[in-house]
Structure formats: structure tokens, C-alpha cells
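Trainee: Got a structure for you, written out below as C-alpha cells; questions coming shortly.
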Amino acid sequence: MEELLLYFALKYEGDYRKIYEALTKKELVDDALKFELKKKLKCQYTTIFSDDYSKRLKQINCPPFILFYYGDISLVNQKNIGVVGMREMSDYGKKATENFTTQLVKEGYTIVSGMARGVDRIAHKSAIAANGKTIAVLGTGIDYCYPKENRDIYEEMKKNHLVLSEYPWLVAPQKRLFPFRNRIISGLSESLLISEARVKSGTMITAGYALEQGKNIYCVPGRFDDFQGCNELIKQGAKLITNIQDILEDEYFG
């Protein structure tokens, strides 16, 4: 079954709907095409049937059938927390992300984010700088570094952390892929930390997935005159945090 999932994932470039249809309709395998596709595979992979697949991801709606990756796949089953937020962050958001990420790493958390500009990049970099571990969930093909300015952390994480995607090789950035990718960020995580967000944003989509998956959401309160995403989530029941103890106590007693 794992070989079958790999074949359809490569043939349909990780498209969840097409893979599902191929499996349910019991599409026949072209052995010659299977051989050619597999020859192109440079990375490693895990499927929903593999022993090293994330236990948390198996519990969500639409778990990815297959994940292509570089790095240490064992990180998917560690004590993980998602850290997400704005691409065009403020100095306040940057400081909050650096501060909380560094302290979470010291408490043994692996940081999960999406390797986007802004908060994602700072979360990954802060985890690396603090000698912690971090996971990047891409919304592109596993071999496509986007944005290009993240090449430094992409290469570092391929070697010493974990980069993963449900899309193989050079699947280019597409708007429709990133929101669906966010279910994996929250799915891999025990809880979600949002340091800064707009009301209408990809971050809020990730928060929606986290709520659907029953995850705790922690929000750094924002200014009253701008970037109201965190404040709106707090009104809806997310936990307001001002220091690391607000998270640790909740995780311990929750």
C-alpha cells in the first residue's frame, strides 16, 4: 500500500483529491511510469501506513496520505508546538516570536511553522539559535524553497531538523496550496502559539484548523488599533499569554 501511495502521489504531484480518487476508483498502476517517477525521487517519504508517520496527524480530518521530507522524521512525534503569525510583522511581533520561541525550546518543545516570511522565519531561526529543533511544513514541492530568501534556513533544516511537504519535487507556489497546508502545521502540534495576526489571514485559517482539531491556542495580545487577529481569537476563547508560564501551566494542568 505504501508503494501505491507513493506512485499516485508522484503521478499527481501530491494533489490530495486526485490521489483519493485514484485510490477509491482502484486506478491501475503503470509499471513503466512507476519506475520512471521513482527514479526522480531524491528525498525520503513516509505514508499514513508507516510506523514513523505522525500519530497526531492520523487524528485530523484529511490527513496527508504521504509526506516527502528531508531531515529527522522522528521530530513529528515529539513535544511540538506550532508558532505562526504575520508575514509583514511589526517589531512587537518579532520580539514576541523570538522571546516565546526561545523559551519554548528551552522547555523541550520542537517548533512547527510554515517557513514563510515574517513570524515563521523568526520562529525557525530562533529555535535553531537556541539549539532546539524545528519543523518546516511547506506549501510547495519539497525541493522548492519559497520564499527564496529562506534558502539559509531551508538548507540548515534539511540537514539538522525537518522539512516536509505533501507535494513532491518542484511544485511551484500556488495560493490554493497554502491554506490546505496549514492543517498539517496545527495537526503536527500539541497546541498553537500566535504572536501577531490580521483578522483575515492565513494565520486565522491555521487557528481554525487548530480549533477543529481540539488544540489549545495561545495568543499574544495585540495593539487595539492594528493587527487585531490575536485579540479577536482571545475574545473567542483563545488563551491570552504574557509569559512562558501561561503556556507551561496550561499544558501541564490541561
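In the C-alpha cells, each chain is lettered A, B, ... as it comes, each chain's residues begin at 1, and ligands are numbered from 1 in order of appearance.
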As a ChimeraX atom specification, please: all residues of stretch 3-204 of chain A that backbone DSSP puts in strand (DSSP E or B).
Mentor: /A:44-47,66-71,80-84,110-113,134-137,162-165,191-194
Trainee: Deliver the residues from the most recent selection as a file, using N, CA and C atoms, as a tab-separated table (two decimals), in the first residue's frame.
Mentor:
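The resulting out.tsv:
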```
chain	number	residue	atom	x	y	z
A	44	GLN	N	13.27	11.47	1.12
A	44	GLN	CA	12.63	10.33	1.76
A	44	GLN	C	11.13	10.58	1.87
A	45	TYR	N	10.39	9.56	2.26
A	45	TYR	CA	8.95	9.75	2.40
A	45	TYR	C	8.41	8.83	3.48
A	46	THR	N	7.25	9.22	4.00
A	46	THR	CA	6.52	8.39	4.95
A	46	THR	C	5.05	8.44	4.55
A	47	THR	N	4.33	7.36	4.76
A	47	THR	CA	2.91	7.34	4.42
A	47	THR	C	2.07	7.14	5.68
A	66	ILE	N	0.66	10.97	2.20
A	66	ILE	CA	2.10	10.79	2.13
A	66	ILE	C	2.79	12.13	2.44
A	67	LEU	N	3.94	12.06	3.07
A	67	LEU	CA	4.74	13.25	3.34
A	67	LEU	C	6.16	12.99	2.83
A	68	PHE	N	6.62	13.87	1.97
A	68	PHE	CA	8.00	13.83	1.49
A	68	PHE	C	8.83	14.68	2.45
A	69	TYR	N	10.06	14.25	2.73
A	69	TYR	CA	10.81	15.00	3.73
A	69	TYR	C	12.32	14.88	3.56
A	70	TYR	N	13.00	15.85	4.17
A	70	TYR	CA	14.44	15.83	4.41
A	70	TYR	C	14.65	16.05	5.90
A	71	GLY	N	15.55	15.30	6.49
A	71	GLY	CA	15.87	15.52	7.90
A	71	GLY	C	15.41	14.40	8.80
A	80	ASN	N	5.56	18.95	20.31
A	80	ASN	CA	5.58	20.00	19.29
A	80	ASN	C	4.58	21.11	19.58
A	81	ILE	N	4.96	22.33	19.23
A	81	ILE	CA	4.03	23.46	19.30
A	81	ILE	C	4.16	24.27	18.02
A	82	GLY	N	3.03	24.62	17.42
A	82	GLY	CA	3.04	25.44	16.23
A	82	GLY	C	3.22	26.90	16.60
A	83	VAL	N	4.05	27.61	15.86
A	83	VAL	CA	4.25	29.05	16.06
A	83	VAL	C	4.04	29.72	14.71
A	84	VAL	N	3.00	30.53	14.61
A	84	VAL	CA	2.65	31.16	13.33
A	84	VAL	C	2.26	32.61	13.55
A	110	THR	N	9.61	21.24	20.30
A	110	THR	CA	10.01	21.38	18.91
A	110	THR	C	9.05	22.37	18.26
A	111	ILE	N	9.60	23.32	17.50
A	111	ILE	CA	8.81	24.40	16.92
A	111	ILE	C	8.37	24.03	15.51
A	112	VAL	N	7.06	24.10	15.26
A	112	VAL	CA	6.50	23.79	13.95
A	112	VAL	C	6.00	25.08	13.31
A	113	SER	N	6.41	25.34	12.08
A	113	SER	CA	5.93	26.52	11.37
A	113	SER	C	5.97	26.27	9.86
A	134	THR	N	13.28	22.19	15.04
A	134	THR	CA	12.16	22.86	14.37
A	134	THR	C	11.77	22.11	13.11
A	135	ILE	N	10.49	22.22	12.76
A	135	ILE	CA	9.91	21.56	11.60
A	135	ILE	C	9.31	22.61	10.68
A	136	ALA	N	9.65	22.55	9.39
A	136	ALA	CA	9.04	23.42	8.40
A	136	ALA	C	8.07	22.61	7.55
A	137	VAL	N	6.82	23.05	7.49
A	137	VAL	CA	5.82	22.40	6.65
A	137	VAL	C	5.61	23.30	5.43
A	162	LEU	N	13.90	19.25	10.27
A	162	LEU	CA	12.97	18.53	9.41
A	162	LEU	C	12.23	19.50	8.49
A	163	VAL	N	12.28	19.20	7.20
A	163	VAL	CA	11.48	19.90	6.20
A	163	VAL	C	10.57	18.87	5.55
A	164	LEU	N	9.27	19.16	5.50
A	164	LEU	CA	8.36	18.19	4.90
A	164	LEU	C	7.27	18.87	4.08
A	165	SER	N	6.69	18.09	3.18
A	165	SER	CA	5.62	18.58	2.32
A	165	SER	C	4.84	17.40	1.78
A	191	SER	N	-0.30	22.14	20.43
A	191	SER	CA	-1.00	23.40	20.63
A	191	SER	C	-0.43	24.42	19.65
A	192	LEU	N	-1.03	25.61	19.62
A	192	LEU	CA	-0.66	26.62	18.64
A	192	LEU	C	-0.44	27.96	19.33
A	193	LEU	N	0.69	28.59	19.01
A	193	LEU	CA	1.01	29.93	19.52
A	193	LEU	C	0.96	30.91	18.37
A	194	ILE	N	0.20	32.00	18.54
A	194	ILE	CA	0.11	33.05	17.53
A	194	ILE	C	0.63	34.33	18.15
```
Trainee: Skipping near chain neighbours, those fewer than 3 positions away, what residues fall within 12 Å of A:Asn61 using only C-alpha atoms, listed as an MDAnalysis selection string?
Mentor: chainID A and resid 56:58 64:65 180 183:184 186:187 209:210 212:214
Trainee: Give me a file of those residues, with all heavy atoms, as a CSV table (one decimal), in the first residue's frame.
Mentor:
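Saved file again-v4.csv follows:
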```
chain,number,residue,atom,x,y,z
A,56,ARG,N,-0.3,12.2,15.7
A,56,ARG,CA,-1.3,13.3,15.7
A,56,ARG,C,-2.0,13.5,14.4
A,56,ARG,O,-3.2,13.8,14.4
A,56,ARG,CB,-0.6,14.6,16.2
A,56,ARG,CG,0.0,14.6,17.6
A,56,ARG,CD,0.5,15.9,18.1
A,56,ARG,NE,1.3,15.8,19.3
A,56,ARG,CZ,2.7,15.7,19.2
A,56,ARG,NH1,3.3,15.7,18.1
A,56,ARG,NH2,3.4,15.5,20.3
A,57,LEU,N,-1.2,13.5,13.3
A,57,LEU,CA,-1.8,13.7,12.0
A,57,LEU,C,-2.9,12.7,11.7
A,57,LEU,O,-3.8,12.9,10.9
A,57,LEU,CB,-0.7,13.7,10.9
A,57,LEU,CG,0.1,15.0,10.7
A,57,LEU,CD1,1.0,14.9,9.5
A,57,LEU,CD2,-0.9,16.2,10.5
A,58,LYS,N,-2.7,11.5,12.2
A,58,LYS,CA,-3.7,10.4,11.9
A,58,LYS,C,-5.0,10.7,12.5
A,58,LYS,O,-6.0,10.2,12.1
A,58,LYS,CB,-3.2,9.1,12.5
A,58,LYS,CG,-2.0,8.5,11.7
A,58,LYS,CD,-1.7,7.1,12.2
A,58,LYS,CE,-0.5,6.5,11.4
A,58,LYS,NZ,-0.1,5.1,11.9
A,64,PRO,N,-2.7,13.9,5.4
A,64,PRO,CA,-2.0,13.7,4.2
A,64,PRO,C,-1.7,12.2,4.0
A,64,PRO,O,-1.3,11.5,4.9
A,64,PRO,CB,-0.7,14.5,4.3
A,64,PRO,CG,-0.6,14.8,5.8
A,64,PRO,CD,-1.9,14.8,6.3
A,65,PHE,N,-1.9,11.7,2.8
A,65,PHE,CA,-1.6,10.3,2.5
A,65,PHE,C,-0.1,10.0,2.6
A,65,PHE,O,0.3,8.9,3.0
A,65,PHE,CB,-2.1,9.9,1.1
A,65,PHE,CG,-3.6,10.0,0.9
A,65,PHE,CD1,-4.2,10.9,0.1
A,65,PHE,CD2,-4.4,9.1,1.6
A,65,PHE,CE1,-5.5,11.0,-0.1
A,65,PHE,CE2,-5.8,9.2,1.4
A,65,PHE,CZ,-6.4,10.1,0.6
A,180,PHE,N,-4.5,24.9,2.7
A,180,PHE,CA,-4.7,23.5,3.0
A,180,PHE,C,-3.5,22.9,3.7
A,180,PHE,O,-3.6,22.1,4.6
A,180,PHE,CB,-4.9,22.8,1.6
A,180,PHE,CG,-5.5,21.4,1.8
A,180,PHE,CD1,-6.6,21.1,2.6
A,180,PHE,CD2,-4.9,20.3,1.1
A,180,PHE,CE1,-7.1,19.8,2.7
A,180,PHE,CE2,-5.4,19.0,1.2
A,180,PHE,CZ,-6.5,18.8,2.0
A,183,ARG,N,-3.4,22.9,7.8
A,183,ARG,CA,-4.0,21.8,8.6
A,183,ARG,C,-2.9,20.9,9.1
A,183,ARG,O,-3.0,20.3,10.2
A,183,ARG,CB,-5.0,21.0,7.8
A,183,ARG,CG,-4.4,19.9,6.9
A,183,ARG,CD,-5.3,19.4,5.9
A,183,ARG,NE,-4.9,18.2,5.2
A,183,ARG,CZ,-4.0,18.2,4.2
A,183,ARG,NH1,-3.3,19.3,3.8
A,183,ARG,NH2,-3.6,17.0,3.6
A,184,ILE,N,-1.7,20.8,8.4
A,184,ILE,CA,-0.6,19.9,8.8
A,184,ILE,C,0.2,20.6,9.9
A,184,ILE,O,0.6,20.0,10.9
A,184,ILE,CB,0.3,19.6,7.6
A,184,ILE,CG1,-0.5,18.9,6.5
A,184,ILE,CG2,1.5,18.8,8.0
A,184,ILE,CD1,0.3,18.6,5.2
A,186,SER,N,-0.9,22.7,12.2
A,186,SER,CA,-1.7,22.5,13.5
A,186,SER,C,-1.8,21.0,13.9
A,186,SER,O,-1.7,20.7,15.0
A,186,SER,CB,-3.1,23.2,13.4
A,186,SER,OG,-3.8,22.6,12.4
A,187,GLY,N,-1.9,20.2,12.8
A,187,GLY,CA,-2.1,18.8,13.1
A,187,GLY,C,-0.9,18.1,13.7
A,187,GLY,O,-1.0,17.2,14.6
A,209,TYR,N,-8.2,25.5,11.8
A,209,TYR,CA,-7.9,24.1,11.8
A,209,TYR,C,-7.5,23.6,13.3
A,209,TYR,O,-7.9,22.5,13.7
A,209,TYR,CB,-6.6,23.9,10.9
A,209,TYR,CG,-7.0,23.8,9.5
A,209,TYR,CD1,-6.3,24.6,8.5
A,209,TYR,CD2,-7.9,22.9,9.0
A,209,TYR,CE1,-6.6,24.6,7.2
A,209,TYR,CE2,-8.1,22.8,7.6
A,209,TYR,CZ,-7.5,23.6,6.7
A,209,TYR,OH,-7.8,23.6,5.4
A,210,ALA,N,-6.8,24.5,14.0
A,210,ALA,CA,-6.4,24.1,15.4
A,210,ALA,C,-7.7,23.9,16.2
A,210,ALA,O,-7.8,22.9,17.0
A,210,ALA,CB,-5.5,25.1,16.0
A,212,GLU,N,-10.7,23.1,15.1
A,212,GLU,CA,-11.4,21.9,14.6
A,212,GLU,C,-10.7,20.7,15.2
A,212,GLU,O,-11.4,19.7,15.5
A,212,GLU,CB,-11.3,21.9,13.1
A,212,GLU,CG,-11.9,20.7,12.4
A,212,GLU,CD,-11.6,20.7,10.9
A,212,GLU,OE1,-12.1,21.6,10.3
A,212,GLU,OE2,-10.9,19.9,10.5
A,213,GLN,N,-9.4,20.7,15.4
A,213,GLN,CA,-8.6,19.6,15.8
A,213,GLN,C,-8.6,19.5,17.4
A,213,GLN,O,-7.9,18.6,17.9
A,213,GLN,CB,-7.2,19.7,15.2
A,213,GLN,CG,-7.2,19.5,13.7
A,213,GLN,CD,-5.9,20.0,13.1
A,213,GLN,OE1,-4.9,20.4,13.8
A,213,GLN,NE2,-5.8,20.0,11.8
A,214,GLY,N,-9.2,20.4,18.0
A,214,GLY,CA,-9.2,20.4,19.5
A,214,GLY,C,-7.9,20.8,20.2
A,214,GLY,O,-7.6,20.4,21.3
```
Trainee: Go through stretch 176-206 of chain A and flag each residue having an atom no more than 9 Å from stretch 86-107 of chain A; for those, report the closest pair of atoms plus their distance in Å to one decimal, using only C-alpha atoms, ordered by chain and rising number, as CSV.
Mentor:
```
residue,atom,partner,partner_atom,distance
A:Leu193,CA,A:Phe100,CA,8.8
A:Ile194,CA,A:Thr97,CA,8.4
A:Ser195,CA,A:Gly93,CA,5.8
A:Glu196,CA,A:Gly93,CA,5.4
A:Ala197,CA,A:Met86,CA,5.2
A:Arg198,CA,A:Met86,CA,7.1
A:Ser201,CA,A:Met86,CA,8.0
A:Gly202,CA,A:Met86,CA,8.4
A:Thr203,CA,A:Met86,CA,7.0
```
Trainee: Could you pull the residues within 6 Å of A:Trp169, counting only C-alpha atoms, minus those fewer than 4 positions along the same chain, as a ChimeraX atom specification?
Mentor: /A:141-143
Trainee: For stretch 142-195 of chain A versus stretch 8-15 of chain A, which residues have an atom no more than 7 Å away, and what is each residue's nearest atom pair and distance in Å rounded to one decimal, using only C-alpha atoms, chain-then-number order, as CSV?
Mentor:
```
residue,atom,partner,partner_atom,distance
A:Glu166,CA,A:Gly14,CA,5.6
A:Tyr167,CA,A:Gly14,CA,4.4
A:Pro168,CA,A:Glu13,CA,5.9
```
Trainee: Generate a file of the selected residues that holds N, CA, C and O atoms, formatted as a PDB file, in the first residue's frame.
Mentor:
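So result22.pdb came out as:
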```
ATOM      1  N   GLU A 166       3.558  17.598   1.494  1.00  0.00           N
ATOM      2  CA  GLU A 166       2.816  16.523   0.833  1.00  0.00           C
ATOM      3  C   GLU A 166       2.980  16.587  -0.685  1.00  0.00           C
ATOM      4  O   GLU A 166       2.412  15.777  -1.407  1.00  0.00           O
ATOM      5  N   TYR A 167       3.775  17.557  -1.149  1.00  0.00           N
ATOM      6  CA  TYR A 167       3.998  17.728  -2.587  1.00  0.00           C
ATOM      7  C   TYR A 167       5.437  17.362  -2.949  1.00  0.00           C
ATOM      8  O   TYR A 167       6.381  17.841  -2.318  1.00  0.00           O
ATOM      9  N   PRO A 168       5.635  16.536  -3.986  1.00  0.00           N
ATOM     10  CA  PRO A 168       6.991  16.142  -4.380  1.00  0.00           C
ATOM     11  C   PRO A 168       7.664  17.189  -5.245  1.00  0.00           C
ATOM     12  O   PRO A 168       7.032  18.092  -5.772  1.00  0.00           O
TER      13      PRO A 168
END
```
Trainee: For A:Asn131, which residue out of A:Gly108, A:Gly85, A:Pro179, A:Gly222 is the nearest one, using only C-alpha atoms?
Mentor: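 Closest residue, counting only C-alpha atoms: A:Gly108.
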